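Pasting coords31.cif here (mmCIF, C-alpha atoms):
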```
data_model
#
loop_
_atom_site.label_atom_id
_atom_site.label_comp_id
_atom_site.auth_asym_id
_atom_site.auth_seq_id
_atom_site.Cartn_x
_atom_site.Cartn_y
_atom_site.Cartn_z
CA MET A 145 8.72 10.12 -11.96
CA ALA A 146 10.64 6.93 -11.47
CA TYR A 147 10.02 4.11 -13.94
CA PRO A 148 8.98 1.36 -13.73
CA GLN A 149 6.75 2.47 -10.92
CA PRO A 150 6.57 -0.06 -8.07
CA THR A 151 3.14 -1.52 -7.46
CA GLY A 152 1.29 -2.58 -4.36
CA ALA A 153 0.57 -5.95 -5.97
CA GLN A 154 4.31 -6.64 -6.20
CA ALA A 155 4.72 -5.84 -2.52
CA THR A 156 1.80 -8.14 -1.69
CA VAL A 157 3.22 -11.05 -3.68
CA ALA A 158 6.64 -10.45 -2.12
CA GLY A 159 5.15 -10.94 1.34
CA GLN A 160 5.75 -7.41 2.56
CA SER A 161 3.64 -5.80 5.24
CA VAL A 162 3.94 -2.31 3.83
CA PHE A 163 4.10 -0.78 0.38
CA ARG A 164 6.54 2.12 0.21
CA LEU A 165 6.53 4.51 -2.71
CA LYS A 166 9.70 6.59 -2.67
CA THR A 167 10.49 8.51 -5.82
CA LEU A 168 11.97 11.78 -7.08
CA LEU A 169 9.45 14.24 -8.43
CA SER A 170 9.52 15.48 -12.00
CA SER A 171 6.87 18.12 -11.45
CA MET A 172 3.92 18.85 -9.18
CA GLY A 173 1.75 17.22 -11.85
CA ASP A 174 3.11 13.76 -11.06
CA VAL A 175 0.41 11.19 -10.26
CA TYR A 176 1.18 7.77 -8.84
CA GLU A 177 -1.10 4.76 -8.51
CA ILE A 178 -1.51 2.15 -5.80
CA ASP A 179 -3.25 -1.02 -6.93
CA ALA A 180 -3.57 -2.53 -3.46
CA GLY A 181 -5.73 -1.51 -0.53
CA CYS A 182 -4.23 -0.35 2.74
CA GLN A 183 -5.19 0.01 6.39
CA ALA A 184 -3.10 3.12 7.02
CA LEU A 185 -1.45 5.75 4.83
CA CYS A 186 1.28 8.08 6.03
CA VAL A 187 4.05 10.36 4.79
CA GLY A 188 7.36 8.51 4.84
CA PRO A 189 10.41 9.60 6.83
CA GLU A 190 12.37 10.79 3.78
CA SER A 191 9.73 12.88 2.06
CA ASP A 192 10.62 16.40 1.01
CA ILE A 193 7.04 17.03 0.00
CA GLN A 194 5.02 17.79 3.09
CA ASN A 195 1.43 17.48 1.87
CA ILE A 196 0.36 14.51 -0.25
CA LYS A 197 -3.10 14.06 -1.74
CA ALA A 198 -4.72 10.63 -2.01
CA VAL A 199 -7.73 10.17 -4.28
CA TYR A 200 -9.85 7.03 -3.99
CA TYR A 201 -13.15 5.53 -5.13
CA ASP A 202 -15.98 6.31 -2.71
CA PRO A 203 -19.50 5.19 -3.68
CA THR A 204 -20.99 7.38 -0.95
CA SER A 205 -19.63 10.54 -2.56
CA PRO A 206 -21.90 12.29 -5.10
CA THR A 207 -19.09 12.17 -7.66
CA GLY A 208 -17.91 8.70 -6.70
CA VAL A 209 -14.50 10.15 -5.84
CA GLN A 210 -13.06 11.28 -2.52
CA SER A 211 -9.71 12.82 -1.63
CA VAL A 212 -7.68 13.31 1.50
CA ILE A 213 -4.46 15.19 2.16
CA ILE A 214 -1.98 13.59 4.54
CA SER A 215 1.05 15.21 6.11
CA PRO A 216 3.70 14.39 8.72
CA GLN A 217 1.34 15.85 11.31
CA ARG A 218 -1.72 13.88 10.20
CA SER A 219 -1.75 10.36 8.78
CA LEU A 220 -4.80 8.41 7.69
CA VAL A 221 -5.58 5.32 9.73
CA ALA A 222 -8.52 3.75 7.91
CA ARG A 223 -9.08 1.12 5.26
CA LEU A 224 -8.66 2.53 1.76
CA ASP A 225 -9.77 0.19 -1.02
CA ALA A 226 -8.20 0.05 -4.45
CA ARG A 227 -11.14 -0.94 -6.65
CA LEU A 228 -9.80 -2.69 -9.73
CA ASP A 229 -13.32 -3.98 -10.34
CA GLN A 230 -14.91 -0.54 -10.52
CA PRO A 231 -14.08 2.37 -12.84
CA TYR A 232 -14.13 5.98 -11.68
CA PRO A 233 -17.36 7.66 -12.88
CA SER A 234 -17.04 9.56 -16.16
CA SER A 235 -13.40 8.52 -16.47
CA GLY A 236 -13.64 6.48 -19.65
CA GLY A 237 -13.10 3.23 -17.80
CA LYS A 238 -10.19 4.25 -15.57
CA LEU A 239 -10.17 1.64 -12.81
CA GLY A 240 -10.46 2.79 -9.21
CA ARG A 241 -6.82 2.62 -8.10
CA ILE A 242 -5.71 4.88 -5.28
CA LEU A 243 -4.06 7.95 -6.84
CA LEU A 244 -1.30 9.86 -5.06
CA SER A 245 0.09 13.26 -5.98
CA PRO A 246 1.97 16.08 -4.26
CA ALA A 247 -0.29 18.76 -2.81
CA ASP A 248 2.63 21.19 -2.44
CA LEU A 249 3.53 23.54 -5.28
CA TYR A 250 6.73 22.86 -7.20
CA ASP A 251 7.99 24.22 -10.51
CA PRO A 252 11.68 23.72 -11.35
CA SER A 253 11.38 26.02 -14.37
CA ASN A 254 11.43 29.05 -12.08
CA GLN A 255 14.57 31.18 -12.08
CA PRO A 256 15.65 33.51 -9.28
CA ALA A 257 15.80 37.22 -9.88
CA GLY A 258 19.12 38.24 -11.45
CA TYR A 259 19.85 34.78 -12.79
CA ASP A 260 21.90 34.91 -16.02
CA VAL A 261 21.15 31.86 -18.12
CA ALA A 262 24.34 32.31 -20.15
CA ASN A 263 26.86 32.59 -17.36
CA ASP A 264 25.25 31.27 -14.20
CA VAL A 265 24.39 27.78 -12.95
CA LEU A 266 21.08 26.85 -11.32
CA ASN A 267 20.78 23.47 -9.55
CA TYR A 268 17.45 22.34 -8.14
CA ILE A 269 17.81 19.41 -5.80
CA ARG A 270 14.86 17.30 -6.90
CA PRO A 271 12.38 16.75 -4.09
CA SER A 272 11.56 13.26 -2.98
CA LEU A 273 8.06 11.89 -2.46
CA ASP A 274 7.88 9.20 0.22
CA ILE A 275 4.62 7.45 1.09
CA MET A 276 3.97 4.34 3.15
CA ALA A 277 0.83 2.25 2.78
CA TYR A 278 0.37 -0.37 5.48
CA PHE A 279 -1.44 -3.58 4.45
CA ALA A 280 -2.41 -4.45 8.00
CA GLU A 281 -3.24 -1.99 10.75
CA PRO A 282 0.06 -1.18 12.48
CA PRO A 283 0.15 -1.41 16.29
CA SER A 284 1.44 2.16 16.36
CA LEU A 285 2.01 4.74 13.69
CA ASP A 286 5.21 6.75 14.15
CA ALA A 287 4.65 9.39 11.50
CA GLY A 288 6.97 12.32 10.97
CA ARG A 289 9.93 13.18 8.80
CA SER A 290 13.57 12.72 9.53
CA ASP A 291 15.94 15.66 9.46
CA ARG A 292 17.52 16.12 6.04
CA SER A 293 21.23 16.76 5.51
CA TYR A 294 23.02 18.05 2.43
CA ARG A 295 26.76 18.21 2.11
CA TRP A 296 29.13 19.07 -0.71
CA SER A 297 32.80 19.97 -0.88
CA ALA A 298 32.78 21.87 -4.14
CA ILE A 299 30.23 23.53 -6.35
CA ARG A 300 29.83 23.32 -10.08
CA LYS A 301 31.84 25.99 -11.81
CA PRO A 302 29.92 28.55 -13.86
CA ALA A 303 31.31 30.28 -16.89
CA VAL A 304 34.63 31.76 -15.92
CA GLY A 305 34.19 35.37 -14.92
CA ALA A 306 33.80 37.52 -11.87
CA GLY A 307 30.25 38.07 -10.75
CA ASN A 308 29.03 34.76 -12.14
CA GLU A 309 26.81 32.77 -9.83
CA VAL A 310 25.94 29.27 -8.77
CA TRP A 311 22.54 28.54 -7.21
CA GLU A 312 21.84 25.48 -5.12
CA VAL A 313 18.10 25.21 -4.36
CA ILE A 314 17.07 22.71 -1.67
CA PRO A 315 13.59 21.51 -0.58
CA PHE A 316 12.12 23.15 2.51
CA TRP A 317 8.37 22.37 2.42
CA GLY A 318 6.97 22.34 5.93
CA ARG A 319 10.36 22.65 7.60
CA LYS A 320 10.80 24.97 10.54
CA TYR A 321 14.56 25.13 10.92
CA ALA A 322 17.65 25.09 8.73
CA CYS A 323 21.33 25.57 9.44
CA PHE A 324 23.92 26.38 6.76
CA ASP A 325 27.60 25.98 7.64
CA LEU A 326 30.08 27.24 5.05
CA LEU A 327 33.85 26.83 4.99
CA ASN A 328 35.73 28.53 2.17
CA LEU A 329 38.86 26.61 1.16
CA ASN A 330 39.70 28.81 -1.82
CA ALA A 331 42.42 31.41 -2.04
CA ASN A 332 39.75 33.92 -3.01
CA ALA A 333 36.71 35.15 -1.13
CA ILE A 334 33.23 34.13 -2.20
CA THR A 335 30.00 36.04 -1.61
CA VAL A 336 27.09 33.97 -0.34
CA GLU A 337 23.40 34.88 -0.09
CA LEU A 338 20.34 32.88 1.06
CA ARG A 339 16.81 33.40 -0.25
CA GLY A 340 13.50 31.70 0.44
CA PHE A 341 11.19 30.80 -2.45
CA ASN A 342 7.44 30.21 -2.54
CA PHE A 343 5.85 28.93 -5.73
CA PRO A 344 2.68 30.68 -6.97
CA TYR A 345 -0.51 29.08 -8.28
CA GLU A 346 -0.50 31.10 -11.51
CA TYR A 347 2.16 30.97 -14.17
CA GLN A 348 4.59 33.56 -12.86
CA SER A 349 7.89 33.61 -11.05
CA PHE A 350 7.98 32.48 -7.50
CA SER A 351 8.09 34.97 -4.69
CA GLU A 352 11.55 35.51 -3.22
CA THR A 353 12.54 36.61 0.25
CA VAL A 354 16.09 37.52 1.17
CA ILE A 355 16.78 35.63 4.39
CA SER A 356 20.50 36.40 4.57
CA ALA A 357 21.82 39.29 2.52
CA PRO A 358 24.94 38.77 0.37
CA ALA A 359 28.02 38.61 2.57
CA VAL A 360 31.61 37.72 1.90
CA VAL A 361 33.03 34.43 3.09
CA ALA A 362 36.72 35.22 3.41
CA ALA A 363 39.42 33.25 1.67
CA VAL A 364 40.65 30.07 3.29
CA PRO A 365 39.66 29.36 5.99
CA GLY A 366 36.69 31.71 5.92
CA LYS A 367 33.59 30.54 7.75
CA ARG A 368 29.96 31.57 7.79
CA ARG A 369 26.82 30.19 9.43
CA ILE A 370 23.25 31.00 8.47
CA ILE A 371 20.28 29.95 10.62
CA VAL A 372 16.70 29.91 9.33
CA ARG A 373 13.79 29.79 11.74
CA ALA A 374 10.19 29.69 10.53
CA ALA A 375 8.95 31.81 13.44
CA VAL A 376 11.43 34.57 12.56
CA ASP A 377 12.09 34.30 8.82
CA GLY A 378 8.84 32.77 7.52
CA VAL A 379 7.83 29.55 5.78
CA PHE A 380 9.16 28.64 2.35
CA ASP A 381 8.81 25.92 -0.26
CA MET A 382 12.52 25.90 -1.10
CA LEU A 383 15.71 27.69 -0.04
CA GLY A 384 18.22 28.97 -2.56
CA LEU A 385 21.88 29.37 -1.66
CA ARG A 386 23.65 31.72 -4.01
CA TYR A 387 27.43 31.67 -4.47
CA VAL A 388 28.87 34.71 -6.24
CA LEU A 389 32.40 34.53 -7.55
CA THR A 390 34.53 37.53 -6.79
CA THR A 391 37.19 36.63 -9.33
CA SER A 392 37.54 34.32 -12.28
CA GLN A 393 38.19 31.17 -10.33
CA ASN A 394 38.87 27.81 -11.79
CA ASP A 395 38.22 25.73 -8.70
CA ILE A 396 35.52 26.45 -6.20
CA PHE A 397 36.08 24.47 -3.06
CA ILE A 398 33.66 25.62 -0.43
CA GLN A 399 32.42 23.04 2.04
CA THR A 400 28.73 23.39 2.63
CA ASN A 401 26.85 21.48 5.32
CA ILE A 402 23.10 21.95 5.56
CA VAL A 403 20.56 20.48 7.98
CA THR A 404 16.81 21.02 7.72
CA SER A 405 14.35 19.93 10.37
CA ASP A 406 10.64 19.84 11.17
CA VAL A 407 11.51 20.75 14.75
CA ALA A 408 11.55 24.45 15.54
CA LEU A 409 14.89 24.93 17.27
CA MET B 292 -38.33 -41.50 -13.00
CA ASN B 293 -37.45 -43.27 -9.77
CA ASN B 294 -34.45 -45.49 -9.30
CA PRO B 295 -35.06 -48.90 -7.70
CA PRO B 296 -34.07 -48.81 -4.00
CA GLN B 297 -30.72 -50.28 -3.04
CA ARG B 298 -30.72 -53.32 -0.85
CA ARG B 299 -29.72 -52.27 2.67
CA SER B 300 -30.81 -53.49 6.01
CA GLY B 301 -32.17 -51.76 9.07
CA ILE B 302 -32.44 -48.05 9.44
CA MET B 303 -30.21 -47.35 6.44
CA GLY B 304 -32.58 -49.33 4.28
CA ARG B 305 -35.45 -47.07 5.30
CA ILE B 306 -33.37 -43.95 4.68
CA VAL B 307 -32.19 -45.12 1.27
CA GLY B 308 -35.66 -46.26 0.38
CA ALA B 309 -36.99 -42.81 1.16
CA ALA B 310 -34.21 -41.27 -0.86
CA ALA B 311 -35.04 -43.50 -3.82
CA SER B 312 -38.39 -41.80 -4.16
CA ILE B 313 -36.76 -38.37 -4.68
CA PRO B 314 -37.02 -37.20 -8.29
CA ARG B 315 -33.93 -37.82 -10.40
CA ALA B 316 -33.23 -34.12 -10.94
CA MET B 317 -32.87 -33.58 -7.21
CA GLU B 318 -30.86 -36.75 -6.75
CA ARG B 319 -28.15 -35.23 -8.90
CA ALA B 320 -27.66 -32.55 -6.27
CA VAL B 321 -26.90 -35.16 -3.64
CA PRO B 322 -23.17 -35.95 -3.70
CA THR B 323 -22.13 -39.54 -3.88
CA THR B 324 -20.98 -40.66 -0.51
CA ASN B 325 -20.16 -43.84 1.28
CA VAL B 326 -22.18 -45.20 4.14
CA PRO B 327 -20.86 -43.52 7.29
CA SER B 328 -18.42 -45.79 9.00
CA PRO B 329 -16.87 -45.67 12.45
CA ASP B 330 -13.68 -47.09 10.93
CA GLN B 331 -10.94 -44.75 9.68
CA ARG B 332 -10.59 -44.48 5.92
CA ARG B 333 -7.41 -43.65 4.11
CA GLY B 334 -7.44 -40.18 2.53
CA ASN B 335 -9.25 -38.56 5.41
CA PHE B 336 -5.97 -37.57 7.03
CA VAL B 337 -4.68 -35.18 4.38
CA SER B 338 -4.22 -31.61 5.60
CA GLN B 339 -3.22 -28.61 3.54
CA ALA B 340 -1.57 -25.30 4.43
CA TYR B 341 -0.62 -22.66 1.88
CA THR B 342 -0.85 -18.99 1.05
CA TYR B 343 -3.38 -18.07 -1.58
CA LEU B 344 -2.93 -14.91 -3.68
CA THR B 345 -6.23 -13.51 -4.90
CA ALA B 346 -6.49 -12.39 -8.49
CA ALA B 347 -7.27 -8.74 -9.16
CA GLY B 348 -10.47 -7.82 -10.94
CA GLY B 349 -13.21 -9.06 -8.61
CA GLU B 350 -13.97 -12.31 -10.42
CA ALA B 351 -14.93 -15.28 -8.23
CA LYS B 352 -12.42 -18.14 -8.19
CA GLN B 353 -12.67 -21.61 -6.69
CA LEU B 354 -10.70 -21.76 -3.48
CA TYR B 355 -11.60 -25.24 -2.26
CA THR B 356 -13.71 -28.12 -3.51
CA ALA B 357 -14.51 -30.45 -0.66
CA ASN B 358 -13.61 -33.97 -1.73
CA ILE B 359 -13.59 -35.59 1.69
CA GLU B 360 -16.58 -36.22 3.89
CA TRP B 361 -16.00 -33.34 6.30
CA SER B 362 -13.28 -30.72 6.44
CA ARG B 363 -12.57 -27.55 8.36
CA VAL B 364 -11.34 -24.60 6.32
CA LYS B 365 -9.50 -21.77 8.07
CA LEU B 366 -8.71 -18.51 6.30
CA PHE B 367 -6.52 -15.62 7.47
CA LEU B 368 -6.39 -12.41 5.46
CA GLU B 369 -2.93 -10.86 5.85
CA THR B 370 -3.43 -7.74 3.76
CA ALA B 371 -6.04 -4.99 3.61
CA GLY B 372 -8.52 -6.64 1.25
CA PRO B 373 -11.39 -6.44 0.56
CA VAL B 374 -11.80 -10.19 0.11
CA ALA B 375 -15.08 -12.10 0.23
CA VAL B 376 -15.91 -15.81 0.24
CA ALA B 377 -19.13 -17.70 -0.42
CA PHE B 378 -20.44 -21.16 -1.26
CA LYS B 379 -21.86 -20.06 -4.58
CA GLN B 380 -20.17 -18.49 -7.58
CA SER B 381 -22.53 -15.59 -8.11
CA PHE B 382 -21.79 -13.44 -5.07
CA THR B 383 -19.79 -10.57 -6.58
CA PRO B 384 -19.30 -7.58 -6.37
CA VAL B 385 -17.09 -8.23 -3.38
CA LEU B 386 -18.72 -5.58 -1.19
CA SER B 387 -22.31 -6.40 -2.24
CA GLY B 388 -22.99 -8.37 0.93
CA LYS B 389 -23.83 -11.60 -0.87
CA GLY B 390 -20.62 -13.19 0.41
CA ASP B 391 -18.71 -13.06 3.68
CA THR B 392 -15.95 -10.44 3.78
CA LEU B 393 -12.81 -11.59 5.53
CA PRO B 394 -11.50 -9.34 8.32
CA THR B 395 -7.77 -8.57 8.20
CA GLY B 396 -5.77 -10.32 10.87
CA ILE B 397 -8.57 -12.54 12.21
CA TRP B 398 -9.03 -16.24 11.47
CA PHE B 399 -12.19 -17.17 9.59
CA GLU B 400 -13.30 -20.77 10.12
CA VAL B 401 -15.97 -22.88 8.46
CA ASP B 402 -16.78 -26.62 8.32
CA VAL B 403 -17.44 -27.89 4.82
CA ALA B 404 -19.29 -31.04 3.82
CA LYS B 405 -18.35 -33.06 0.79
CA GLY B 406 -19.51 -31.63 -2.50
CA ASN B 407 -19.44 -27.98 -1.43
CA VAL B 408 -17.27 -25.48 -3.27
CA LEU B 409 -15.81 -22.45 -1.50
CA TRP B 410 -15.41 -19.44 -3.78
CA ILE B 411 -13.25 -16.36 -3.21
CA ALA B 412 -13.13 -12.94 -4.86
CA SER B 413 -11.26 -9.66 -4.47
CA PRO B 414 -10.75 -6.56 -6.62
CA THR B 415 -7.01 -6.52 -5.78
CA VAL B 416 -4.13 -8.92 -5.09
CA ASN B 417 -4.25 -10.05 -1.46
CA ARG B 418 -2.54 -12.71 0.63
CA VAL B 419 -4.78 -15.26 2.33
CA LYS B 420 -3.43 -18.03 4.52
CA VAL B 421 -5.36 -21.24 3.99
CA ILE B 422 -5.45 -24.26 6.28
CA ILE B 423 -7.66 -27.21 5.40
CA GLN B 424 -8.03 -29.94 7.97
CA PRO B 425 -10.03 -33.14 7.59
CA LEU B 426 -12.63 -33.94 10.20
CA PRO B 427 -12.77 -37.73 10.01
CA TRP B 428 -14.16 -37.97 13.51
CA MET B 429 -17.46 -36.46 12.39
CA GLU B 430 -17.98 -39.35 10.03
CA GLN B 431 -16.84 -41.80 12.67
CA ILE B 432 -19.37 -40.48 15.16
CA LEU B 433 -22.13 -40.62 12.57
CA GLY B 434 -21.03 -44.11 11.53
CA GLY B 435 -21.05 -45.24 15.15
CA VAL B 436 -24.52 -43.80 15.70
CA VAL B 437 -25.84 -45.48 12.56
CA ARG B 438 -24.32 -48.83 13.48
CA GLY B 439 -25.65 -48.60 17.02
CA ALA B 440 -29.12 -47.63 15.83
CA ASP B 441 -29.10 -50.55 13.38
CA ALA B 442 -28.17 -52.94 16.18
CA ILE B 443 -30.97 -51.63 18.40
CA VAL B 444 -33.52 -52.00 15.61
CA LYS B 445 -32.40 -55.57 14.95
CA MET B 446 -32.61 -56.41 18.64
CA ILE B 447 -36.09 -55.03 18.95
CA ALA B 448 -37.16 -56.78 15.80
CA SER B 449 -35.84 -60.12 16.97
CA ALA B 450 -37.43 -59.65 20.39
CA THR B 451 -40.83 -58.91 18.92
CA GLY B 452 -40.54 -61.50 16.16
CA LYS B 453 -40.92 -58.89 13.41
CA GLY B 454 -38.39 -58.45 10.55
CA GLY B 455 -36.47 -55.19 10.13
#
```
Turn the structure described in the file into structure tokens.
Amino acid sequence: MAYPQPTGAQATVAGQSVFRLKTLLSSMGDVYEIDAGCQALCVGPESDIQNIKAVYYDPTSPTGVQSVIISPQRSLVARLDARLDQPYPSSGGKLGRILLSPADLYDPSNQPAGYDVANDVLNYIRPSLDIMAYFAEPPSLDAGRSDRSYRWSAIRKPAVGAGNEVWEVIPFWGRKYACFDLLNLNANAITVELRGFNFPYEYQSFSETVISAPAVVAAVPGKRRIIVRAAVDGVFDMLGLRYVLTTSQNDIFIQTNIVTSDVAL
Amino acid sequence: MNNPPQRRSGIMGRIVGAAASIPRAMERAVPTTNVPSPDQRRGNFVSQAYTYLTAAGGEAKQLYTANIEWSRVKLFLETAGPVAVAFKQSFTPVLSGKGDTLPTGIWFEVDVAKGNVLWIASPTVNRVKVIIQPLPWMEQILGGVVRGADAIVKMIASATGKGG
């Protein structure tokens, strides 16, 4: 959770027409508040989280509370009121701000099967939550996420030793296509594997699916491409790219270019 | 207790005389005002334009106290609201229906006579454009009508030989 959290009131005073909340998630338990009403609510273009829940004060509901889940496929075009003059029922006086939280599952404490905490490295790329609340009804609402790109030239070195691994786990909620392009610039070969992860509701390890079995990327200039399609390989919350050292290497230069998209290519 | 009537001639004298018989408690509710005049008076030309930021919490605040004879108040809600306005302080909660809720993106216009107070309330911070324009011509028209009516009464009175 990013602090200090931006507020809708600040955006109002600043003369903006939209309040944008863009922040990195700490956990799926993150809850954000909007203290200004809006005429439309949609998932922003840079959101890794696909489904976002909005909770608001509704006097017509038996509990006084109503919720809605928005996604890139379905925004909410309606007036949502932030009621700073009315507390939520049975909340101990908690004022009726609009509450936003990720509806997708996410738990960065999960470790892939075979992960060695002493010798391996596990990097979760923190997902981003991006929400846009329009103060006035927009003439058109172009919802939908942009394609996401990841690129690195080297990976963090694990403890020196053959067989040690580096995991890079990227967000993939709601995506339908991913392309991994690898170029090995080392004098030694590296083994690369791709798995798909889905987080469970209960406290247990996430489910893993091997999308691309471990295969060697030859020494410089070895290349490898991995394509993920939802219709063929399934849907996943995150994708984990596993680099396995074949020797005790000091430098690991392997160019990795990744593109994920909501479009099924 | 009645106040003695002010000395005025013609139709205004009759109006003021009638007003003098109103009980004192009610007279307090009548704002002090000058006799309507067809002539322009300084101070009736002042216009205002600004952006008002509502305070969060839903408490009614004074938006405008009319200190000129007639004025036209225009309001434009730029944000989502809800924002309500009324001519009395006790109209909250905002969505209770006791006040007028402002629609987003549409001008809200009202003519205000001297002595009225326009109140505004909202549970959140909102931007409201405010334009206040004087309407001196309303007083001029009324002043012209009063002066003309006085002249007609005097003419009739002199023609019939009876005092006005």
Chain B proximity check over A:Leu185, A:Met382, A:Ile214, A:Ala357, using only C-alpha atoms: winner is A:Leu185
Could you write out as an mmCIF file with C-alpha atoms, in the coordinates of the input the residues of chain B within 6 Å of chain A, counting all atoms listed in the file?
```cif
data_model
loop_
_atom_site.group_PDB
_atom_site.id
_atom_site.type_symbol
_atom_site.label_atom_id
_atom_site.label_comp_id
_atom_site.auth_asym_id
_atom_site.auth_seq_id
_atom_site.Cartn_x
_atom_site.Cartn_y
_atom_site.Cartn_z
ATOM 1 C CA GLY B 348 -10.470 -7.820 -10.940
ATOM 2 C CA GLY B 349 -13.210 -9.060 -8.610
ATOM 3 C CA THR B 370 -3.430 -7.740 3.760
ATOM 4 C CA ALA B 371 -6.040 -4.990 3.610
ATOM 5 C CA PRO B 414 -10.750 -6.560 -6.620
ATOM 6 C CA THR B 415 -7.010 -6.520 -5.780
ATOM 7 C CA VAL B 416 -4.130 -8.920 -5.090
#
```
Quick one: everything within 9 Å of Leu165 in chain A, counting all atoms listed in the file, minus sequence neighbours fewer than 2 positions away in the same chain. Send it as a PyMOL selection string. chain A and resi 149-152+163+167+176+178+188+273-277
Using only C-alpha atoms, what residues lie at most 10 Å away from (26.2, 31.5, -20.4) (file coordinates), given as a list in words?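 Checking each residue against the 10 Å limit leaves Asp260, Val261, Ala262, Asn263, Asp264, Val265, Pro302, Ala303, Val304 and Asn308 of chain A.
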Report as a list in words all protein, DNA and RNA residues lying within 9 Å of Thr383 in chain B, evaluated on all atoms listed in the file, omitting residues in the same chain fewer than 6 positions from it. Gly349, Glu350, Ala351, Ala375, Lys389, Gly390, Ala412 and Ser413 of chain B
With a distance cut-off of 12 Å and all atoms listed in the file, select the neighbouring residues of Pro271 in chain A, excluding the residue or stretch itself and same-chain residues fewer than 3 positions from it, and output the selection as a ChimeraX atom specification. /A:145,166-172,174,190-194,246,248-252,268,274,292,313-317,381-382
Determine, counting all atoms listed in the file, which protein, DNA and RNA residues have an atom within 10 Å of an atom of Phe399 in chain B; residues of the same chain fewer than 5 positions away are not included. Present the result as a list in words. Val364, Lys365, Leu366, Phe367, Leu368, Asp391, Thr392, Leu393, Pro394 and Val421 of chain B
Just the number, please: distance in Å from CA of Tyr232 in chain A to CA of Val419 in chain B, one decimal.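 Answer for the CA of Tyr232 in chain A to CA of Val419 in chain B separation: 27.1 Å.
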Tell me which protein, DNA and RNA residues are within 7 Å of range 338-342 of chain A, counting only C-alpha atoms, leaving out same-chain ones fewer than 6 positions away, and put them as JSON, numbers by chain. {"A": [350, 351, 352, 353, 354, 355, 356, 357, 380, 381, 382, 383, 384, 385, 386]}
Could you pull range 375-389 of chain B out of the block above and save it with N, CA and C atoms, as an mmCIF file, in the first residue's frame?
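part_17.cif written:
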```cif
data_model
loop_
_atom_site.group_PDB
_atom_site.id
_atom_site.type_symbol
_atom_site.label_atom_id
_atom_site.label_comp_id
_atom_site.auth_asym_id
_atom_site.auth_seq_id
_atom_site.Cartn_x
_atom_site.Cartn_y
_atom_site.Cartn_z
ATOM 1 N N ALA B 375 -26.595 20.034 -2.120
ATOM 2 C CA ALA B 375 -27.954 20.577 -2.063
ATOM 3 C C ALA B 375 -27.897 22.017 -1.579
ATOM 4 N N VAL B 376 -28.866 22.811 -2.032
ATOM 5 C CA VAL B 376 -28.975 24.214 -1.620
ATOM 6 C C VAL B 376 -30.393 24.473 -1.137
ATOM 7 N N ALA B 377 -30.541 25.476 -0.293
ATOM 8 C CA ALA B 377 -31.866 25.836 0.210
ATOM 9 C C ALA B 377 -31.785 27.243 0.772
ATOM 10 N N PHE B 378 -32.958 27.822 1.052
ATOM 11 C CA PHE B 378 -33.015 29.171 1.614
ATOM 12 C C PHE B 378 -33.279 29.137 3.113
ATOM 13 N N LYS B 379 -33.034 27.984 3.722
ATOM 14 C CA LYS B 379 -33.099 27.902 5.167
ATOM 15 C C LYS B 379 -31.949 26.996 5.619
ATOM 16 N N GLN B 380 -31.533 27.140 6.832
ATOM 17 C CA GLN B 380 -30.362 26.408 7.312
ATOM 18 C C GLN B 380 -30.667 24.954 7.612
ATOM 19 N N SER B 381 -31.866 24.671 8.051
ATOM 20 C CA SER B 381 -32.198 23.317 8.499
ATOM 21 C C SER B 381 -32.772 22.509 7.342
ATOM 22 N N PHE B 382 -31.940 22.104 6.403
ATOM 23 C CA PHE B 382 -32.434 21.293 5.297
ATOM 24 C C PHE B 382 -31.626 20.010 5.115
ATOM 25 N N THR B 383 -30.639 19.790 5.972
ATOM 26 C CA THR B 383 -29.854 18.560 5.880
ATOM 27 C C THR B 383 -30.610 17.414 6.536
ATOM 28 N N PRO B 384 -30.335 16.123 6.253
ATOM 29 C CA PRO B 384 -29.270 15.616 5.379
ATOM 30 C C PRO B 384 -29.426 16.053 3.917
ATOM 31 N N VAL B 385 -28.351 15.980 3.198
ATOM 32 C CA VAL B 385 -28.304 16.489 1.838
ATOM 33 C C VAL B 385 -29.343 15.814 0.949
ATOM 34 N N LEU B 386 -29.523 14.516 1.105
ATOM 35 C CA LEU B 386 -30.433 13.769 0.240
ATOM 36 C C LEU B 386 -31.819 13.606 0.868
ATOM 37 N N SER B 387 -32.166 14.433 1.839
ATOM 38 C CA SER B 387 -33.463 14.298 2.511
ATOM 39 C C SER B 387 -34.607 14.835 1.672
ATOM 40 N N GLY B 388 -34.284 15.681 0.688
ATOM 41 C CA GLY B 388 -35.348 16.264 -0.124
ATOM 42 C C GLY B 388 -35.816 17.620 0.368
ATOM 43 N N LYS B 389 -35.289 18.087 1.484
ATOM 44 C CA LYS B 389 -35.701 19.384 2.004
ATOM 45 C C LYS B 389 -35.040 20.525 1.235
#
```
